[in-house]
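Dumped protein.cif below, it's mmCIF, C-alpha atoms and all ligand atoms:
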```cif
data_query
#
loop_
_atom_site.label_atom_id
_atom_site.label_comp_id
_atom_site.auth_asym_id
_atom_site.auth_seq_id
_atom_site.Cartn_x
_atom_site.Cartn_y
_atom_site.Cartn_z
CA MET A 1 61.81 -6.83 39.40
CA VAL A 2 61.38 -7.96 35.81
CA THR A 3 58.27 -9.97 36.70
CA GLY A 4 56.85 -6.94 38.49
CA GLY A 5 57.53 -4.75 35.44
CA LEU A 6 55.92 -7.26 33.14
CA TRP A 7 52.93 -7.51 35.44
CA LEU A 8 52.53 -3.73 35.44
CA ALA A 9 52.84 -3.60 31.66
CA TRP A 10 50.22 -6.33 31.37
CA GLN A 11 47.89 -4.46 33.72
CA ARG A 12 48.16 -1.44 31.44
CA LEU A 13 47.67 -3.51 28.30
CA ARG A 14 44.82 -5.79 29.30
CA GLY A 15 42.04 -3.31 28.44
CA THR A 16 43.49 -2.90 24.95
CA VAL A 17 43.97 -6.65 24.52
CA SER A 18 40.37 -7.35 25.50
CA MET A 19 39.10 -4.90 22.88
CA ALA A 20 41.39 -6.51 20.30
CA LEU A 21 39.88 -9.88 21.20
CA PHE A 22 36.43 -8.57 20.25
CA GLY A 23 37.82 -7.43 16.90
CA LEU A 24 39.47 -10.81 16.37
CA SER A 25 36.20 -12.52 17.16
CA GLY A 26 34.37 -10.38 14.58
CA ALA A 27 36.83 -11.35 11.84
CA LEU A 28 36.52 -15.05 12.68
CA VAL A 29 32.71 -14.89 12.53
CA ALA A 30 32.92 -13.12 9.16
CA GLY A 31 35.34 -15.77 7.87
CA SER A 32 33.10 -18.60 9.02
CA VAL A 33 29.98 -17.10 7.43
CA GLN A 34 31.77 -16.23 4.20
CA HIS A 35 33.08 -19.78 3.85
CA VAL A 36 29.64 -21.30 4.27
CA VAL A 37 27.97 -18.76 2.01
CA GLN A 38 30.47 -19.08 -0.79
CA THR A 39 31.34 -22.74 -0.87
CA CYS A 40 29.15 -25.00 1.22
CA ARG A 41 25.51 -24.93 0.16
CA GLY A 42 24.78 -28.47 -1.03
CA ASN A 43 28.50 -28.98 -1.29
CA CYS A 44 29.76 -29.39 2.30
CA LEU A 45 32.91 -31.50 2.39
CA GLY A 46 32.92 -31.65 6.17
CA CYS A 47 36.22 -29.79 6.35
CA GLY A 48 35.20 -28.28 9.69
CA SER A 49 36.69 -24.86 8.94
CA CYS A 50 33.44 -23.07 9.77
CA ALA A 51 33.28 -24.75 13.19
CA VAL A 52 36.95 -24.05 13.94
CA ALA A 53 36.55 -20.36 13.08
CA LEU A 54 33.31 -20.03 15.06
CA ALA A 55 34.80 -21.80 18.07
CA GLY A 56 37.78 -19.44 17.86
CA ALA A 57 35.39 -16.49 17.71
CA VAL A 58 33.49 -17.66 20.80
CA VAL A 59 36.71 -18.28 22.75
CA SER A 60 38.17 -14.91 21.87
CA ALA A 61 34.93 -13.00 22.58
CA SER A 62 34.58 -14.89 25.88
CA ALA A 63 38.13 -13.95 26.88
CA GLY A 64 37.26 -10.30 26.13
CA VAL A 65 34.06 -10.53 28.16
CA ALA A 66 35.84 -12.23 31.07
CA GLU A 67 38.42 -9.44 31.14
CA ARG A 68 35.91 -6.58 31.12
CA THR A 69 33.19 -7.88 33.44
CA SER A 70 32.83 -9.62 36.78
CA GLY A 71 30.38 -11.52 38.97
CA ARG A 72 26.90 -12.36 37.76
CA ARG A 73 27.19 -10.08 34.76
CA ARG A 74 30.27 -11.97 33.62
CA ARG A 75 28.54 -15.36 33.90
CA LEU A 76 25.49 -14.07 32.05
CA LEU A 77 27.50 -12.54 29.21
CA LEU A 78 29.70 -15.63 28.88
CA ALA A 79 26.60 -17.80 28.61
CA LEU A 80 25.10 -15.43 26.01
CA THR A 81 28.32 -15.47 23.99
CA ALA A 82 28.38 -19.27 23.93
CA LEU A 83 24.69 -19.38 23.02
CA ALA A 84 25.16 -16.88 20.20
CA GLY A 85 28.00 -19.02 18.81
CA LEU A 86 25.89 -22.17 18.96
CA ALA A 87 22.89 -20.42 17.38
CA LEU A 88 25.01 -19.14 14.51
CA TYR A 89 26.54 -22.57 13.99
CA TYR A 90 23.07 -24.11 13.90
CA LEU A 91 21.89 -21.51 11.40
CA LEU A 92 24.90 -22.13 9.18
CA SER A 93 24.34 -25.91 9.37
CA LEU A 94 20.73 -25.48 8.24
CA TYR A 95 21.92 -23.28 5.40
CA LYS A 96 24.54 -25.80 4.28
CA ARG A 97 21.92 -28.52 4.09
CA GLY A 98 19.68 -26.24 2.05
CA LEU A 99 17.07 -26.12 4.82
CA LEU A 100 16.84 -22.35 5.00
CA PRO A 101 14.28 -20.88 2.64
CA PHE A 102 16.40 -17.80 1.96
CA GLN A 103 19.88 -16.92 0.73
CA ILE A 104 22.27 -16.00 3.55
CA MET B 1 31.32 26.16 12.28
CA PRO B 2 33.92 25.34 9.67
CA GLY B 3 35.64 28.37 8.16
CA ALA B 4 36.18 29.06 4.46
CA LYS B 5 39.61 27.37 4.61
CA SER B 6 38.07 24.25 6.11
CA ARG B 7 35.32 24.15 3.49
CA ARG B 8 37.77 24.60 0.64
CA HIS B 9 39.89 21.79 2.02
CA LEU B 10 36.85 19.54 2.22
CA TYR B 11 35.89 20.28 -1.41
CA ILE B 12 39.41 19.42 -2.53
CA ARG B 13 39.36 16.18 -0.53
CA PHE B 14 36.01 15.07 -1.91
CA GLY B 15 37.18 16.01 -5.41
CA SER B 16 40.11 13.70 -4.83
CA TYR B 17 37.72 10.88 -3.81
CA LEU B 18 35.80 11.44 -7.02
CA LEU B 19 39.05 10.90 -8.87
CA GLY B 20 39.54 7.71 -6.82
CA LEU B 21 36.09 6.54 -7.90
CA MET B 22 36.96 7.14 -11.54
CA LEU B 23 40.34 5.45 -11.20
CA PHE B 24 39.24 2.28 -9.45
CA TYR B 25 35.55 1.68 -10.13
CA VAL B 26 33.45 0.96 -13.17
CA PRO B 27 32.38 2.38 -15.54
CA ALA B 28 35.46 4.63 -15.86
CA SER B 29 38.04 2.32 -14.16
CA LEU B 30 40.80 4.48 -15.59
CA PHE B 31 43.54 2.65 -13.70
CA VAL B 32 42.71 -0.77 -15.15
CA ARG B 33 42.16 0.67 -18.64
CA ALA B 34 45.54 2.40 -18.53
CA PHE B 35 47.32 -0.55 -16.94
CA TYR B 36 46.11 -3.15 -19.41
CA GLY B 37 45.84 -0.64 -22.25
CA VAL B 38 49.61 -0.35 -22.47
CA GLN B 39 49.69 -4.13 -22.97
CA GLY B 40 47.21 -3.79 -25.82
CA GLN B 41 44.24 -5.20 -23.87
CA HIS B 42 40.96 -3.36 -23.43
CA LEU B 43 39.59 -4.18 -19.99
CA VAL B 44 37.52 -2.50 -17.33
CA GLY B 45 37.59 -3.62 -13.73
CA ASN B 46 37.10 -2.68 -10.11
CA LEU B 47 39.39 -2.05 -7.18
CA CYS B 48 40.19 -5.79 -6.86
CA ASP B 49 41.35 -5.92 -10.47
CA SER B 50 43.44 -2.83 -9.91
CA LEU B 51 45.04 -3.22 -6.52
CA ASN B 52 43.84 -6.48 -4.91
CA LEU B 53 43.62 -4.72 -1.58
CA ARG B 54 41.47 -6.74 0.82
CA MET B 55 42.62 -10.15 -0.35
CA GLY B 56 46.15 -8.75 -0.54
CA VAL B 57 46.03 -7.94 3.17
CA GLY B 58 44.66 -11.43 3.90
CA GLY B 59 47.55 -13.04 2.03
CA LEU B 60 50.42 -11.00 3.44
CA LEU B 61 51.48 -13.75 5.83
CA LYS B 62 51.28 -16.46 3.18
CA ILE B 63 54.28 -17.66 1.21
CA GLU B 64 52.25 -17.73 -2.04
CA THR B 65 51.77 -13.96 -1.92
CA TRP B 66 55.50 -13.41 -1.74
CA GLN B 67 56.10 -15.90 -4.56
CA LYS B 68 53.72 -13.85 -6.69
CA VAL B 69 55.55 -10.68 -5.73
CA PHE B 70 58.84 -12.16 -6.85
CA ALA B 71 57.16 -13.36 -10.04
CA ALA B 72 56.14 -9.69 -10.45
CA ASP B 73 52.43 -10.45 -10.68
CA PRO B 74 51.19 -6.86 -10.94
CA ARG B 75 47.98 -7.42 -8.97
CA SER B 76 49.90 -8.59 -5.92
CA LEU B 77 51.87 -5.37 -5.85
CA GLY B 78 48.95 -3.02 -5.14
CA ILE B 79 48.77 -3.66 -1.43
CA PHE B 80 52.53 -3.19 -1.11
CA ALA B 81 52.31 0.18 -2.88
CA VAL B 82 49.52 1.29 -0.53
CA ILE B 83 51.51 0.13 2.52
CA ALA B 84 54.69 1.88 1.33
CA VAL B 85 52.79 5.14 0.85
CA ALA B 86 51.26 4.76 4.33
CA PHE B 87 54.70 4.20 5.87
CA LEU B 88 56.19 7.28 4.23
CA PHE B 89 53.24 9.68 4.00
CA GLY B 90 50.41 8.29 6.18
CA PRO B 91 47.24 6.42 5.12
CA LEU B 92 46.64 8.70 2.13
CA PHE B 93 44.57 6.02 0.38
CA CYS B 94 41.95 6.33 3.14
CA GLY B 95 42.25 10.08 3.54
CA TRP B 96 42.26 11.03 -0.13
CA VAL B 97 41.42 8.17 -2.50
CA CYS B 98 38.98 5.62 -1.04
CA ALA B 99 35.55 6.30 -2.51
CA ALA B 100 33.94 3.74 -0.15
CA GLY B 101 35.12 5.61 2.95
CA SER B 102 34.13 8.95 1.48
CA LEU B 103 30.61 7.70 0.73
CA SER B 104 29.88 6.81 4.36
CA GLU B 105 31.60 10.02 5.50
CA GLY B 106 29.52 12.08 3.07
CA LEU B 107 26.27 10.41 4.18
CA SER B 108 27.10 11.16 7.81
CA ARG B 109 27.26 14.85 6.95
CA LEU B 110 23.59 14.74 5.93
CA VAL B 111 22.40 13.70 9.41
CA PRO B 112 22.27 16.16 12.33
CA ASP B 113 24.87 15.49 15.04
CA ARG B 114 22.30 14.84 17.74
CA PHE B 115 21.32 11.59 16.05
CA LYS B 116 24.89 10.33 15.81
CA ILE B 117 27.12 8.20 18.04
CA ASP B 118 30.44 9.84 18.83
CA ILE B 119 33.30 7.46 19.69
CA ALA B 120 35.99 10.16 20.09
CA GLY B 121 37.97 9.41 23.25
CA ARG B 122 35.42 6.78 24.34
CA VAL B 123 36.15 3.62 22.38
CA ASN B 124 39.57 2.14 21.75
CA ALA B 125 39.01 1.81 18.01
CA ALA B 126 42.69 1.07 17.31
CA ALA B 127 42.59 -2.06 19.49
CA ILE B 128 39.42 -3.37 17.86
CA ARG B 129 40.65 -2.73 14.32
CA TYR B 130 44.01 -4.41 14.95
CA GLY B 131 42.18 -7.37 16.51
CA PHE B 132 40.00 -7.60 13.40
CA LEU B 133 43.07 -7.30 11.19
CA SER B 134 44.77 -10.17 13.07
CA GLY B 135 41.72 -12.36 12.54
CA PHE B 136 41.59 -11.39 8.87
CA MET B 137 45.21 -12.49 8.45
CA ILE B 138 44.80 -15.71 10.47
CA LEU B 139 41.79 -16.89 8.44
CA PRO B 140 43.76 -17.95 5.31
CA PHE B 141 45.69 -20.43 7.47
CA ILE B 142 42.51 -22.39 8.18
CA GLY B 143 41.45 -22.16 4.55
CA LEU B 144 39.05 -19.25 5.05
CA SER B 145 38.80 -15.58 4.19
CA ALA B 146 36.57 -12.68 5.13
CA GLY B 147 37.20 -10.92 1.85
CA CYS B 148 34.47 -10.81 -0.74
CA ALA B 149 31.18 -11.55 1.03
CA PHE B 150 31.88 -8.70 3.45
CA CYS B 151 33.59 -6.27 1.10
CA ASN B 152 32.31 -2.72 0.93
CA PHE B 153 34.53 -2.01 -2.12
CA ARG B 154 32.68 -4.75 -3.97
CA ILE B 155 29.30 -3.37 -2.99
CA LEU B 156 30.33 0.11 -4.09
CA ASN B 157 31.28 -1.40 -7.43
CA PHE B 158 27.81 -2.98 -7.68
CA MET B 159 26.23 0.36 -6.79
CA SER B 160 28.26 2.11 -9.43
CA LEU B 161 27.34 -0.58 -11.98
CA GLY B 162 23.68 -0.34 -10.95
CA ILE B 163 23.59 3.43 -11.40
CA THR B 164 25.47 3.52 -14.67
CA GLY B 165 24.62 0.20 -16.30
CA GLY B 166 21.33 -0.96 -14.80
CA PHE B 167 23.00 -4.03 -13.24
CA VAL B 168 21.09 -5.25 -10.16
CA PRO B 169 23.05 -7.66 -7.93
CA ALA B 170 21.37 -10.21 -5.63
CA LEU B 171 21.07 -8.63 -2.21
CA THR B 172 22.44 -11.36 0.06
CA SER B 173 22.36 -11.14 3.85
CA THR B 174 26.10 -10.52 4.01
CA TYR B 175 25.66 -7.48 1.77
CA ILE B 176 22.79 -6.29 3.94
CA VAL B 177 25.01 -6.61 7.03
CA VAL B 178 27.79 -4.68 5.29
CA ILE B 179 25.47 -1.90 4.13
CA ALA B 180 23.94 -1.65 7.61
CA LEU B 181 27.37 -1.37 9.28
CA TRP B 182 29.16 0.65 6.60
CA LEU B 183 26.56 3.16 5.43
CA VAL B 184 23.89 3.21 8.15
CA LEU B 185 25.25 2.52 11.66
CA GLY B 186 28.90 3.33 10.96
CA GLY B 187 28.05 5.97 8.35
CA MET B 188 24.91 8.06 8.70
CA PHE B 189 24.55 7.51 12.44
CA MET B 190 28.18 7.80 13.51
CA LYS B 191 29.91 11.13 13.91
CA GLY B 192 32.50 11.38 11.15
CA GLY B 193 30.83 8.55 9.22
CA ARG B 194 33.90 6.33 9.41
CA GLY B 195 32.70 3.53 11.71
CA TRP B 196 33.44 0.82 9.13
CA CYS B 197 36.87 2.32 8.41
CA ASN B 198 37.62 2.59 12.12
CA PHE B 199 36.70 -0.93 13.16
CA LEU B 200 36.26 -3.29 10.23
CA CYS B 201 38.45 -2.34 7.29
CA PRO B 202 41.66 -4.42 7.14
CA VAL B 203 43.05 -2.17 4.40
CA GLY B 204 42.76 0.86 6.66
CA ALA B 205 44.13 -1.02 9.67
CA ILE B 206 47.25 -2.24 7.90
CA GLN B 207 47.97 1.25 6.61
CA ASN B 208 47.71 2.70 10.10
CA LEU B 209 49.93 -0.06 11.47
CA PHE B 210 52.66 0.96 9.04
CA HIS B 211 51.96 4.66 9.51
CA GLY B 212 52.37 4.13 13.27
CA LEU B 213 55.81 2.65 12.63
CA GLY B 214 56.83 5.17 9.96
CA ALA B 215 55.75 8.20 11.98
CA ARG B 216 58.46 7.41 14.53
CA LEU B 217 61.09 8.29 11.96
CA GLY B 218 62.06 11.87 11.30
CA PHE B 219 62.02 11.76 7.49
CA THR B 220 58.43 10.53 7.10
CA TYR B 221 55.34 12.74 6.72
CA LYS B 222 52.83 12.87 9.53
CA LEU B 223 50.35 15.09 11.34
CA LYS B 224 52.33 17.37 13.66
CA TYR B 225 51.04 19.04 16.79
CA ALA B 226 52.59 22.09 18.46
CA PRO B 227 51.03 22.20 21.95
CA GLU B 228 52.43 25.66 22.72
CA LYS B 229 50.25 27.15 19.97
CA CYS B 230 47.12 25.19 20.87
CA ARG B 231 44.30 27.06 22.66
CA THR B 232 42.17 23.93 23.20
CA CYS B 233 39.31 25.32 21.14
CA LEU B 234 38.74 21.69 20.03
CA ASN B 235 37.90 22.64 16.44
CA CYS B 236 40.13 19.74 15.36
CA VAL B 237 38.16 17.31 17.53
CA LYS B 238 34.90 18.54 15.99
CA VAL B 239 35.97 18.02 12.38
CA CYS B 240 37.98 14.77 12.61
CA PRO B 241 36.09 12.16 10.53
CA MET B 242 37.97 9.24 12.14
CA ARG B 243 37.42 10.59 15.67
CA ALA B 244 41.18 10.21 16.06
CA ALA B 245 41.47 13.52 17.87
CA ALA B 246 40.21 13.74 21.46
CA PRO B 247 40.68 16.18 24.32
CA ALA B 248 43.71 15.13 26.37
CA ALA B 249 42.33 14.10 29.73
CA GLU B 250 45.59 13.70 31.56
CA GLY B 251 47.19 16.94 30.37
CA ARG B 252 50.30 15.23 29.01
CA TRP B 253 50.35 17.76 26.20
CA ARG B 254 50.36 20.86 28.37
CA THR B 255 49.31 23.83 26.24
CA ALA B 256 49.01 27.56 26.63
CA ASN B 257 45.84 27.04 28.63
CA GLY B 258 46.81 23.74 30.19
CA ALA B 259 44.73 21.15 28.32
CA GLY B 260 45.39 20.03 24.75
CA VAL B 261 44.44 17.34 22.31
CA LEU B 262 45.63 13.78 21.72
CA PHE B 263 45.85 12.47 18.16
CA ASN B 264 45.75 8.73 17.62
CA ARG B 265 48.28 7.71 15.01
CA HIS B 266 46.60 4.32 14.73
CA THR B 267 43.32 5.70 13.45
CA CYS B 268 44.32 9.03 11.82
CA ILE B 269 44.01 8.92 8.02
CA THR B 270 46.05 12.09 7.39
CA CYS B 271 43.07 13.76 5.73
CA ASN B 272 44.33 17.04 7.25
CA ASP B 273 40.82 18.33 7.97
CA CYS B 274 42.07 19.24 11.44
CA VAL B 275 45.02 21.17 9.97
CA ALA B 276 42.61 23.24 7.88
CA ALA B 277 40.27 23.75 10.85
CA CYS B 278 42.85 24.85 13.42
CA PRO B 279 42.64 28.64 13.75
CA HIS B 280 45.89 28.90 15.73
CA GLY B 281 48.32 27.10 13.44
CA ALA B 282 48.96 24.38 16.03
CA LEU B 283 48.66 21.59 13.46
CA SER B 284 50.65 20.86 10.35
CA TYR B 285 51.51 17.97 8.04
CA GLY B 286 55.16 17.37 7.30
CA VAL B 287 58.42 15.69 8.27
CA GLY B 288 60.09 15.87 11.67
CA LYS B 289 58.90 15.14 15.18
CA ALA B 290 55.18 14.40 15.50
CA ALA B 291 54.63 16.36 18.68
CA VAL B 292 56.53 17.52 21.68
CA PRO B 293 55.05 16.72 25.08
CA ALA B 294 55.27 19.37 27.74
CA PRO B 295 57.97 18.83 30.38
CA ALA B 296 56.92 17.09 33.59
CA PRO B 297 55.31 19.53 36.04
CA SER B 298 58.00 21.17 38.14
CA PRO B 299 57.70 22.29 41.78
CA GLN B 300 58.17 25.94 40.65
CA PRO B 301 55.49 28.58 41.24
CA ALA B 302 52.58 28.35 38.80
CA GLY B 303 53.59 31.38 36.70
CA ALA B 304 57.13 30.09 36.18
CA ALA B 305 55.90 26.60 35.28
CA LEU B 306 53.54 28.00 32.65
CA GLY B 307 56.42 29.96 31.16
CA ALA B 308 58.50 26.77 30.89
CA ALA B 309 55.62 24.86 29.33
CA ALA B 310 55.16 27.52 26.69
CA GLY B 311 58.70 26.86 25.37
CA ARG B 312 58.90 23.87 23.09
CA SER B 313 60.98 21.12 24.68
CA GLU B 314 62.84 18.53 22.70
CA VAL B 315 62.36 14.92 23.84
S1 LIG A 401 45.06 22.02 17.82
FE1 LIG A 401 44.16 23.92 17.02
S2 LIG A 401 42.01 23.39 16.58
FE2 LIG A 401 42.82 21.78 17.95
S3 LIG A 401 42.29 22.48 20.02
FE3 LIG A 401 44.37 23.20 19.60
S4 LIG A 401 44.06 25.29 18.80
FE4 LIG A 401 42.07 24.26 18.65
S1 LIG A 402 43.44 13.64 13.28
FE1 LIG A 402 43.32 15.19 11.63
S2 LIG A 402 44.38 14.27 9.86
FE2 LIG A 402 43.91 12.62 11.33
S3 LIG A 402 41.93 11.77 10.64
FE3 LIG A 402 41.48 13.33 12.20
S4 LIG A 402 41.14 15.24 11.01
FE4 LIG A 402 42.17 13.79 9.63
#
```
Reformat the file's structure so that it appears as structure tokens.
Ligand code: SF4
Ligand code: SF4
Amino acid sequence: MVTGGLWLAWQRLRGTVSMALFGLSGALVAGSVQHVVQTCRGNCLGCGSCAVALAGAVVSASAGVAERTSGRRRRLLLALTALAGLALYYLLSLYKRGLLPFQI
Amino acid sequence: MPGAKSRRHLYIRFGSYLLGLMLFYVPASLFVRAFYGVQGQHLVGNLCDSLNLRMGVGGLLKIETWQKVFAADPRSLGIFAVIAVAFLFGPLFCGWVCAAGSLSEGLSRLVPDRFKIDIAGRVNAAAIRYGFLSGFMILPFIGLSAGCAFCNFRILNFMSLGITGGFVPALTSTYIVVIALWLVLGGMFMKGGRGWCNFLCPVGAIQNLFHGLGARLGFTYKLKYAPEKCRTCLNCVKVCPMRAAAPAAEGRWRTANGAGVLFNRHTCITCNDCVAACPHGALSYGVGKAAVPAPAPSPQPAGAALGAAAGRSEV
């Protein structure tokens, strides 16, 4: 009974939770970029915070995508999410090492 | 088209934002001048110096913030004042004081509706903003923050400094992203002009969280809806800057003509534009119950059921 009720409640909530996961992901990306922009250029201490936040962002966005899509579309969007995370991480790494010609 | 009452209300609201600009932004920064002036110091400052809002939200879960509160550090108290007001009276900071929100809202009014995205009833903005808020509050625990590089208050301060003092800040990519989301995509090209407020402002989100809790209590102020007076003209939906009002699809709020409107407590900024726009007196701002849903449909004949729905039921 209780499990059934919880399951029903979860079914009603999952759409909302998936949208919240996208919001969470956005905040984590912003935190990662802000950290690199404000503290790391030429001064990276290897604390790993940027990577942790970006990984969290990719995981949370992927969970949102997995909830809202299915089949081939799901696989494609999951791959794109992971790629976007990697690309941003690469960009931030270049910036930290002073290899980008512009200010982020 | 908005009536004279609606227009007058809008003028008053934008006048109030102008006061907010003078209170919390340079060059006037009346709040900081008054605050430090009584201590004999002559300072000017921006919203961060006055109320420490964004970083205040980020630090709410951290012990250090509470230590500062107990040490009566005045700057740590701003966010608590804003939250207390939101709990008791609704997010009045957003609806009546925040010059940053009013700027994007004002810009949106310059663009014809056909060029704008309308999220009313289509996107679950409350879920996204609370997700963003959670991330914003988690970040300090891994030594990060999403405060200053992505702060529209800070950019507004730069703009104000630029216009009045000729100060030109470096335009970094984070500022470009913020301007694009706050003033362009979420402002000019979004109906209501409050896209940034709806999705990405932690200060707005935390106020609505507390407003959502406070509005459940009888003694707090909130937007109130009387379905039996509503004629579903949808004037309120048209004027709502937050897109917090949407036609009720499932007819839970059965009205005189059987439809009605749903108001989202988790995005409404109690600006009361809808109250001023409603020609049938179905909306008000005050204490008491927020709204009274119609009773469940009964197996009575249609005429009798409509009669029952027209009477206000207490739940
Ligand atoms: S609340 Fe008022 S403005 Fe909104 S649909 Fe009903 S009658 Fe119209
Ligand atoms: S629902 Fe009404 S009070 Fe709330 S934001 Fe919309 S117009 Fe303002």
Please report as a ChimeraX atom specification which residues of chain B come no farther than 10 Å from chain A, using all atoms listed in the file. /B:123-140,142-150,170-176,199-200,202
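Atom pair atom S1 of ligand LIG 401 (chain A) / atom CA of Gly281 of chain B: separated by 7.5 Å.
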Using all atoms listed in the file, which residues of the polymer chains come no farther than 8 Å from ligand LIG 402 (chain A)? I'd like the answer as a ChimeraX atom specification. /B:95,223,236-237,239-245,263-265,267-275
Quick one: pull the distance between atom CA of Gly90 of chain B and atom CA of His211 of chain B, Å, one decimal. 5.2 Å
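Between atom CA of Ile117 of chain B and atom CA of Val261 of chain B lies a distance of 20.0 Å.
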